[in-house]
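Below you'll find the structure, written out as structure tokens, and then a few comments.
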Amino acid sequence: MRRTTAILVLALSILLLAPGRPWRARRRAGVRPNHILTERVLPADWPSEPRTPARIDHARFARALHELCGFMPPGRDERWATWITQYAQEFDVDPFLIGALVHRQSRCLPDAENVEGPGLGLTQIHREMYAEQLRDGVLRYRVIENDRWVERERRVDRFPFAGPRLLMAEPNIYFAAAILAMWKDQHETLDGEFDQQAHRHWVSHFLWGDAVRSDWEEERVFADRRRLLEYYGAHQGMAPLRVRGVEMGCPLDGCPRVVLSWLGAEREGGAREHRGIDVDSLPGEPVRAIADGLVTFAGVDLPGHRSHVQVARAEEYERYGRRDLGAGGRYVCIRHGRGEGDDASLRSCSMHLETVEVRYGDRVTRGQRIGTVGRTGMQRSAAHLHLEMYTGERLEDASELLSGLLLGRPPEDPRARR
């Protein structure tokens, strides 16, 4: 009997002192990784992210947040800017990262629920994932320090951690900052204790939990962070490329951006080939002229013999029903001048636009807003920018011409396999 008891005590002691993690994996249930998109860009392909300014100007941050979110009722941008910068400082996290999460997770809707999986409010906090460790106004978690498990605590008692409060802007921002601080402190431990998909930043744990299953979601958050920094004025964006004698820049803000689909990809079950590239983007994002030039087309694509119709004024686009549009939808083409060594001029076409903000004959400059991202002309796909480039009438691969500003590996590229 004594021997049995001793063995049980020894076994229990071994379990208690074992180096394994002392909790069950936290997981944001209901979210599945998109393995195809995960393979588009590897973590090593990304350049370093721009730094956060040492000091934040409140008015500039509010204006930048307003530009990222789009429409906001009067005063909302200033209130949110106050809460984001205040709680970012209190918990020592990046305010531009919080702002990016606010936009990416909820599209800046404070009462949003379950946007792309379980979640509440502006940053889509999955309350159930944190319920066990955030109680009585204290956030408790563990890290490995000097080869030992150490418990850490943070006071987070400004608001109750409850569903109705998370659907309010200030409490959601407050808890997002606190939870981000926990992941920032804990991520090295997690990356050593759990099998992970390769990722660049601890914000992936905010999106997935203890085990990161894809870095794709993280990259989308960073696209919004770069946009916010550009609107604030702390980041000038990526330098333009010189393509055949023409300076060319990003078709979207926050570059580099990711190519989703390439030139020549099958469409309609192989009935036709993709005539351009698709660039990941959200509805309503500004679309920019990639270079100085002359607008040679601003209108709609229609099926049949009247396939391309110029539209003179913005209000006239509503004459053409969305279901009646051809595959290009509403679109703009710009001639960018003759490139060095070429017999014909370079031309770009931006398609599937929601709004068109230029007209035939307009002169535009690189970076000028020409419209917004939409899904006109599409049947099933999510909103994105379709970009075509030509030399004369010869179709070019925009992903190659704008390489660096646009990132992504074609599916057949063996290097894309992890």
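Chain identifiers are assigned as A, B, and so on, following the order in which chains appear in the structure tokens; residues are numbered from 1 within each chain, and ligands are numbered from 1 in order of appearance.
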| task | Do a neighbour search on A:Arg366 at 10 Å with only C-alpha atoms, toss out local chain neighbours closer than 6 positions, and write the hits as a list in words. | result |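 Using only C-alpha atoms, the neighbours found are Pro240, Glu247, Met248, Gly249, Cys250, Pro251, Arg288, Ala289, Ile290, Ala291, Asp292, Gly293 and His336 of chain A.
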Would you output that residue set with all heavy atoms, as a PDB file, in the first residue's frame?
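File selection-v9.pdb, as written:
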```
ATOM      1  N   PRO A 240       8.378  54.582 -56.174  1.00  0.00           N
ATOM      2  CA  PRO A 240       7.932  54.116 -57.482  1.00  0.00           C
ATOM      3  C   PRO A 240       9.021  53.336 -58.212  1.00  0.00           C
ATOM      4  O   PRO A 240      10.209  53.480 -57.922  1.00  0.00           O
ATOM      5  CB  PRO A 240       7.587  55.413 -58.221  1.00  0.00           C
ATOM      6  CG  PRO A 240       8.405  56.463 -57.545  1.00  0.00           C
ATOM      7  CD  PRO A 240       8.491  56.049 -56.105  1.00  0.00           C
ATOM      8  N   GLU A 247       7.736  56.122 -64.607  1.00  0.00           N
ATOM      9  CA  GLU A 247       7.682  55.903 -63.156  1.00  0.00           C
ATOM     10  C   GLU A 247       6.305  55.384 -62.779  1.00  0.00           C
ATOM     11  O   GLU A 247       5.290  56.042 -63.042  1.00  0.00           O
ATOM     12  CB  GLU A 247       7.979  57.205 -62.405  1.00  0.00           C
ATOM     13  CG  GLU A 247       9.455  57.516 -62.294  1.00  0.00           C
ATOM     14  CD  GLU A 247       9.760  58.474 -61.152  1.00  0.00           C
ATOM     15  OE1 GLU A 247       8.813  59.119 -60.641  1.00  0.00           O
ATOM     16  OE2 GLU A 247      10.935  58.574 -60.776  1.00  0.00           O
ATOM     17  N   MET A 248       6.287  54.221 -62.153  1.00  0.00           N
ATOM     18  CA  MET A 248       5.025  53.583 -61.794  1.00  0.00           C
ATOM     19  C   MET A 248       4.967  53.301 -60.301  1.00  0.00           C
ATOM     20  O   MET A 248       5.949  52.874 -59.694  1.00  0.00           O
ATOM     21  CB  MET A 248       4.839  52.283 -62.583  1.00  0.00           C
ATOM     22  CG  MET A 248       4.646  52.508 -64.060  1.00  0.00           C
ATOM     23  SD  MET A 248       3.939  51.085 -64.888  1.00  0.00           S
ATOM     24  CE  MET A 248       3.588  51.814 -66.499  1.00  0.00           C
ATOM     25  N   GLY A 249       3.790  53.556 -59.715  1.00  0.00           N
ATOM     26  CA  GLY A 249       3.591  53.357 -58.293  1.00  0.00           C
ATOM     27  C   GLY A 249       2.486  52.352 -58.013  1.00  0.00           C
ATOM     28  O   GLY A 249       2.059  51.597 -58.903  1.00  0.00           O
ATOM     29  N   CYS A 250       2.022  52.357 -56.785  1.00  0.00           N
ATOM     30  CA  CYS A 250       1.042  51.369 -56.333  1.00  0.00           C
ATOM     31  C   CYS A 250      -0.358  51.677 -56.855  1.00  0.00           C
ATOM     32  O   CYS A 250      -0.775  52.839 -56.861  1.00  0.00           O
ATOM     33  CB  CYS A 250       0.995  51.355 -54.812  1.00  0.00           C
ATOM     34  SG  CYS A 250       2.493  50.759 -54.035  1.00  0.00           S
ATOM     35  N   PRO A 251      -1.097  50.668 -57.260  1.00  0.00           N
ATOM     36  CA  PRO A 251      -2.496  50.882 -57.634  1.00  0.00           C
ATOM     37  C   PRO A 251      -3.419  51.022 -56.418  1.00  0.00           C
ATOM     38  O   PRO A 251      -4.563  51.448 -56.561  1.00  0.00           O
ATOM     39  CB  PRO A 251      -2.843  49.628 -58.434  1.00  0.00           C
ATOM     40  CG  PRO A 251      -1.952  48.570 -57.864  1.00  0.00           C
ATOM     41  CD  PRO A 251      -0.679  49.273 -57.484  1.00  0.00           C
ATOM     42  N   ARG A 288      -5.691  53.944 -57.296  1.00  0.00           N
ATOM     43  CA  ARG A 288      -4.818  55.032 -57.730  1.00  0.00           C
ATOM     44  C   ARG A 288      -4.329  54.812 -59.165  1.00  0.00           C
ATOM     45  O   ARG A 288      -4.134  53.672 -59.604  1.00  0.00           O
ATOM     46  CB  ARG A 288      -3.593  55.116 -56.808  1.00  0.00           C
ATOM     47  CG  ARG A 288      -3.920  55.178 -55.316  1.00  0.00           C
ATOM     48  CD  ARG A 288      -4.483  56.514 -54.921  1.00  0.00           C
ATOM     49  NE  ARG A 288      -4.770  56.570 -53.487  1.00  0.00           N
ATOM     50  CZ  ARG A 288      -5.260  57.651 -52.875  1.00  0.00           C
ATOM     51  NH1 ARG A 288      -5.502  58.753 -53.571  1.00  0.00           N
ATOM     52  NH2 ARG A 288      -5.510  57.622 -51.571  1.00  0.00           N
ATOM     53  N   ALA A 289      -4.076  55.914 -59.855  1.00  0.00           N
ATOM     54  CA  ALA A 289      -3.380  55.842 -61.139  1.00  0.00           C
ATOM     55  C   ALA A 289      -1.952  55.390 -60.877  1.00  0.00           C
ATOM     56  O   ALA A 289      -1.263  55.944 -60.016  1.00  0.00           O
ATOM     57  CB  ALA A 289      -3.389  57.207 -61.812  1.00  0.00           C
ATOM     58  N   ILE A 290      -1.475  54.377 -61.593  1.00  0.00           N
ATOM     59  CA  ILE A 290      -0.137  53.857 -61.318  1.00  0.00           C
ATOM     60  C   ILE A 290       0.954  54.747 -61.915  1.00  0.00           C
ATOM     61  O   ILE A 290       2.121  54.614 -61.551  1.00  0.00           O
ATOM     62  CB  ILE A 290       0.029  52.406 -61.817  1.00  0.00           C
ATOM     63  CG1 ILE A 290      -0.142  52.326 -63.332  1.00  0.00           C
ATOM     64  CG2 ILE A 290      -0.941  51.477 -61.102  1.00  0.00           C
ATOM     65  CD1 ILE A 290       0.195  50.968 -63.901  1.00  0.00           C
ATOM     66  N   ALA A 291       0.567  55.656 -62.818  1.00  0.00           N
ATOM     67  CA  ALA A 291       1.545  56.561 -63.434  1.00  0.00           C
ATOM     68  C   ALA A 291       0.808  57.750 -64.032  1.00  0.00           C
ATOM     69  O   ALA A 291      -0.421  57.723 -64.203  1.00  0.00           O
ATOM     70  CB  ALA A 291       2.352  55.840 -64.508  1.00  0.00           C
ATOM     71  N   ASP A 292       1.549  58.809 -64.325  1.00  0.00           N
ATOM     72  CA  ASP A 292       0.960  59.938 -65.040  1.00  0.00           C
ATOM     73  C   ASP A 292       0.391  59.448 -66.369  1.00  0.00           C
ATOM     74  O   ASP A 292       0.915  58.507 -66.971  1.00  0.00           O
ATOM     75  CB  ASP A 292       2.022  60.995 -65.347  1.00  0.00           C
ATOM     76  CG  ASP A 292       2.649  61.586 -64.094  1.00  0.00           C
ATOM     77  OD1 ASP A 292       2.153  61.297 -62.986  1.00  0.00           O
ATOM     78  OD2 ASP A 292       3.639  62.329 -64.226  1.00  0.00           O
ATOM     79  N   GLY A 293      -0.675  60.111 -66.825  1.00  0.00           N
ATOM     80  CA  GLY A 293      -1.195  59.700 -68.118  1.00  0.00           C
ATOM     81  C   GLY A 293      -2.504  60.358 -68.489  1.00  0.00           C
ATOM     82  O   GLY A 293      -2.985  61.283 -67.811  1.00  0.00           O
ATOM     83  N   HIS A 336      -0.120  55.808 -70.507  1.00  0.00           N
ATOM     84  CA  HIS A 336       0.945  56.384 -69.680  1.00  0.00           C
ATOM     85  C   HIS A 336       2.124  56.909 -70.483  1.00  0.00           C
ATOM     86  O   HIS A 336       3.174  57.219 -69.921  1.00  0.00           O
ATOM     87  CB  HIS A 336       1.440  55.346 -68.674  1.00  0.00           C
ATOM     88  CG  HIS A 336       0.367  54.865 -67.746  1.00  0.00           C
ATOM     89  ND1 HIS A 336      -0.262  55.684 -66.856  1.00  0.00           N
ATOM     90  CD2 HIS A 336      -0.197  53.633 -67.621  1.00  0.00           C
ATOM     91  CE1 HIS A 336      -1.168  54.987 -66.175  1.00  0.00           C
ATOM     92  NE2 HIS A 336      -1.158  53.742 -66.630  1.00  0.00           N
TER      93      HIS A 336
END
```
For this session: Considering only C-alpha atoms, return as number ranges by chain whatever protein or nucleic-acid residues lie within 9 Å of A:Leu395, sequence-local ones (same chain, fewer than 5 positions apart) excluded.
Result: A: 275-276, 388-390
- prompt: Do you have the atom CA of A:Arg313-atom CA of A:Arg369 distance handy?
  reply: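 Interatomic distance, atom CA of A:Arg313 to atom CA of A:Arg369: 16.1 Å.
Counting only C-alpha atoms, the residue from A:Arg55, A:Arg226, A:His35, A:Arg27 that sits nearest to A:Val212 is A:Arg27.
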**Prompt:** Taking into account only C-alpha atoms, which residue in the set A:Gly192, A:Pro43, A:Gly121, A:Gly233 is nearest to A:Ala59?
**Reply:**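 Among the listed residues, A:Gly233 lies closest to A:Ala59.
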query = Which one of A:Asn172, A:Ser261, A:Gln89, A:Gln368 sits closest to A:Ser106 if you count only C-alpha atoms?
reply =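 Closest candidate: A:Asn172.
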Note to self: Between A:Arg158, A:His386, A:Arg380, A:Arg142, which residue has the minimum interatomic distance to A:Val332, considering only C-alpha atoms?
What the structure shows: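 For A:Val332, the nearest of the candidates is A:His386.
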Using only C-alpha atoms, the residue out of A:Gly137, A:Pro50, A:Gly299, A:Pro74 with shortest distance to A:Pro160 is A:Gly137
- Any chance you could list, as a list in words, the residues in stretch 54-217 of chain A that come up strand (DSSP E) when DSSP is run on the backbone?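 Residues of stretch 54-217 of chain A classed as strand (DSSP E): Leu134, Arg135, Val138, Leu139, Arg140, Tyr141, Arg142, Val143, Ile144, Glu145, Arg148, Trp149, Val150, Glu151, Arg152, Glu153, Arg154 and Arg155 of chain A.
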Pull C-alpha atoms from the residues just selected and write them as a PDB file, in the first residue's frame.
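And here is the file that came out, part-v7.pdb:
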```pdb
ATOM      1  CA  LEU A 134      -9.955  37.261 -17.582  1.00  0.00           C
ATOM      2  CA  ARG A 135     -12.000  37.298 -14.409  1.00  0.00           C
ATOM      3  CA  VAL A 138      -7.624  40.606 -13.764  1.00  0.00           C
ATOM      4  CA  LEU A 139      -6.037  39.093 -16.876  1.00  0.00           C
ATOM      5  CA  ARG A 140      -3.886  36.103 -15.899  1.00  0.00           C
ATOM      6  CA  TYR A 141      -1.520  34.221 -18.187  1.00  0.00           C
ATOM      7  CA  ARG A 142       1.724  32.239 -18.021  1.00  0.00           C
ATOM      8  CA  VAL A 143       5.106  32.497 -19.690  1.00  0.00           C
ATOM      9  CA  ILE A 144       8.338  30.556 -19.519  1.00  0.00           C
ATOM     10  CA  GLU A 145      11.029  32.544 -17.749  1.00  0.00           C
ATOM     11  CA  ARG A 148      10.199  27.893 -15.382  1.00  0.00           C
ATOM     12  CA  TRP A 149       6.523  28.655 -15.780  1.00  0.00           C
ATOM     13  CA  VAL A 150       5.677  32.050 -14.293  1.00  0.00           C
ATOM     14  CA  GLU A 151       2.189  33.479 -13.895  1.00  0.00           C
ATOM     15  CA  ARG A 152       1.650  37.130 -14.761  1.00  0.00           C
ATOM     16  CA  GLU A 153      -1.289  39.398 -14.066  1.00  0.00           C
ATOM     17  CA  ARG A 154      -2.637  42.648 -15.489  1.00  0.00           C
ATOM     18  CA  ARG A 155      -5.384  44.755 -13.964  1.00  0.00           C
TER      19      ARG A 155
END
```
If we count only C-alpha atoms, what is near stretch 216-223 of chain A at a cut-off of 10 Å, once residues fewer than 2 positions away on the same chain are taken out, given as a PyMOL selection string? chain A and resi 33-43+46+49-50+96-105+199-208+212-214+225-228+253-258+280-282
Export C-alpha atoms of the chosen residues as a PDB file, in the first residue's frame?
```
ATOM      1  CA  PRO A  33      -7.309  28.864 -42.615  1.00  0.00           C
ATOM      2  CA  ASN A  34      -7.327  29.440 -46.348  1.00  0.00           C
ATOM      3  CA  HIS A  35      -4.328  27.327 -47.304  1.00  0.00           C
ATOM      4  CA  ILE A  36      -4.302  28.546 -50.908  1.00  0.00           C
ATOM      5  CA  LEU A  37      -3.988  32.186 -49.885  1.00  0.00           C
ATOM      6  CA  THR A  38      -1.468  31.307 -47.181  1.00  0.00           C
ATOM      7  CA  GLU A  39       0.876  30.092 -49.916  1.00  0.00           C
ATOM      8  CA  ARG A  40       0.719  33.325 -51.931  1.00  0.00           C
ATOM      9  CA  VAL A  41       3.455  35.132 -49.954  1.00  0.00           C
ATOM     10  CA  LEU A  42       5.958  33.686 -47.489  1.00  0.00           C
ATOM     11  CA  PRO A  43       6.951  35.620 -44.346  1.00  0.00           C
ATOM     12  CA  TRP A  46       7.880  40.874 -46.892  1.00  0.00           C
ATOM     13  CA  GLU A  49       7.182  47.188 -41.692  1.00  0.00           C
ATOM     14  CA  PRO A  50       7.336  50.986 -41.209  1.00  0.00           C
ATOM     15  CA  PHE A  96      -1.559  52.004 -35.473  1.00  0.00           C
ATOM     16  CA  LEU A  97      -1.915  48.251 -34.981  1.00  0.00           C
ATOM     17  CA  ILE A  98      -5.096  48.782 -32.942  1.00  0.00           C
ATOM     18  CA  GLY A  99      -6.423  51.135 -35.618  1.00  0.00           C
ATOM     19  CA  ALA A 100      -5.688  48.536 -38.285  1.00  0.00           C
ATOM     20  CA  LEU A 101      -7.555  45.856 -36.312  1.00  0.00           C
ATOM     21  CA  VAL A 102     -10.528  48.199 -35.876  1.00  0.00           C
ATOM     22  CA  HIS A 103     -10.814  48.524 -39.652  1.00  0.00           C
ATOM     23  CA  ARG A 104      -9.844  45.046 -40.758  1.00  0.00           C
ATOM     24  CA  GLN A 105     -11.873  43.108 -38.208  1.00  0.00           C
ATOM     25  CA  HIS A 199       4.254  34.097 -39.187  1.00  0.00           C
ATOM     26  CA  ARG A 200       5.972  37.443 -38.672  1.00  0.00           C
ATOM     27  CA  HIS A 201       4.232  39.029 -35.710  1.00  0.00           C
ATOM     28  CA  TRP A 202       2.446  38.234 -32.475  1.00  0.00           C
ATOM     29  CA  VAL A 203      -0.764  39.882 -33.710  1.00  0.00           C
ATOM     30  CA  SER A 204      -1.417  36.504 -35.383  1.00  0.00           C
ATOM     31  CA  HIS A 205      -2.177  35.099 -31.920  1.00  0.00           C
ATOM     32  CA  PHE A 206      -4.871  37.757 -31.434  1.00  0.00           C
ATOM     33  CA  LEU A 207      -6.450  36.424 -34.628  1.00  0.00           C
ATOM     34  CA  TRP A 208      -5.984  32.676 -34.009  1.00  0.00           C
ATOM     35  CA  VAL A 212      -1.347  30.264 -35.492  1.00  0.00           C
ATOM     36  CA  ARG A 213      -2.846  28.399 -38.438  1.00  0.00           C
ATOM     37  CA  SER A 214      -2.192  30.961 -41.179  1.00  0.00           C
ATOM     38  CA  ARG A 225      -1.593  49.507 -40.700  1.00  0.00           C
ATOM     39  CA  ARG A 226       0.536  50.720 -43.624  1.00  0.00           C
ATOM     40  CA  ARG A 227      -2.460  52.577 -45.020  1.00  0.00           C
ATOM     41  CA  LEU A 228      -3.084  54.244 -41.653  1.00  0.00           C
ATOM     42  CA  ASP A 253      -2.577  52.328 -50.729  1.00  0.00           C
ATOM     43  CA  GLY A 254      -0.475  50.394 -48.218  1.00  0.00           C
ATOM     44  CA  CYS A 255       1.773  48.563 -50.671  1.00  0.00           C
ATOM     45  CA  PRO A 256       3.159  46.017 -50.987  1.00  0.00           C
ATOM     46  CA  ARG A 257      -0.143  44.289 -51.723  1.00  0.00           C
ATOM     47  CA  VAL A 258      -0.820  40.653 -52.580  1.00  0.00           C
ATOM     48  CA  ASP A 280      -6.367  41.667 -52.706  1.00  0.00           C
ATOM     49  CA  SER A 281      -8.393  44.636 -51.464  1.00  0.00           C
ATOM     50  CA  LEU A 282     -11.534  45.646 -49.603  1.00  0.00           C
TER      51      LEU A 282
END
```
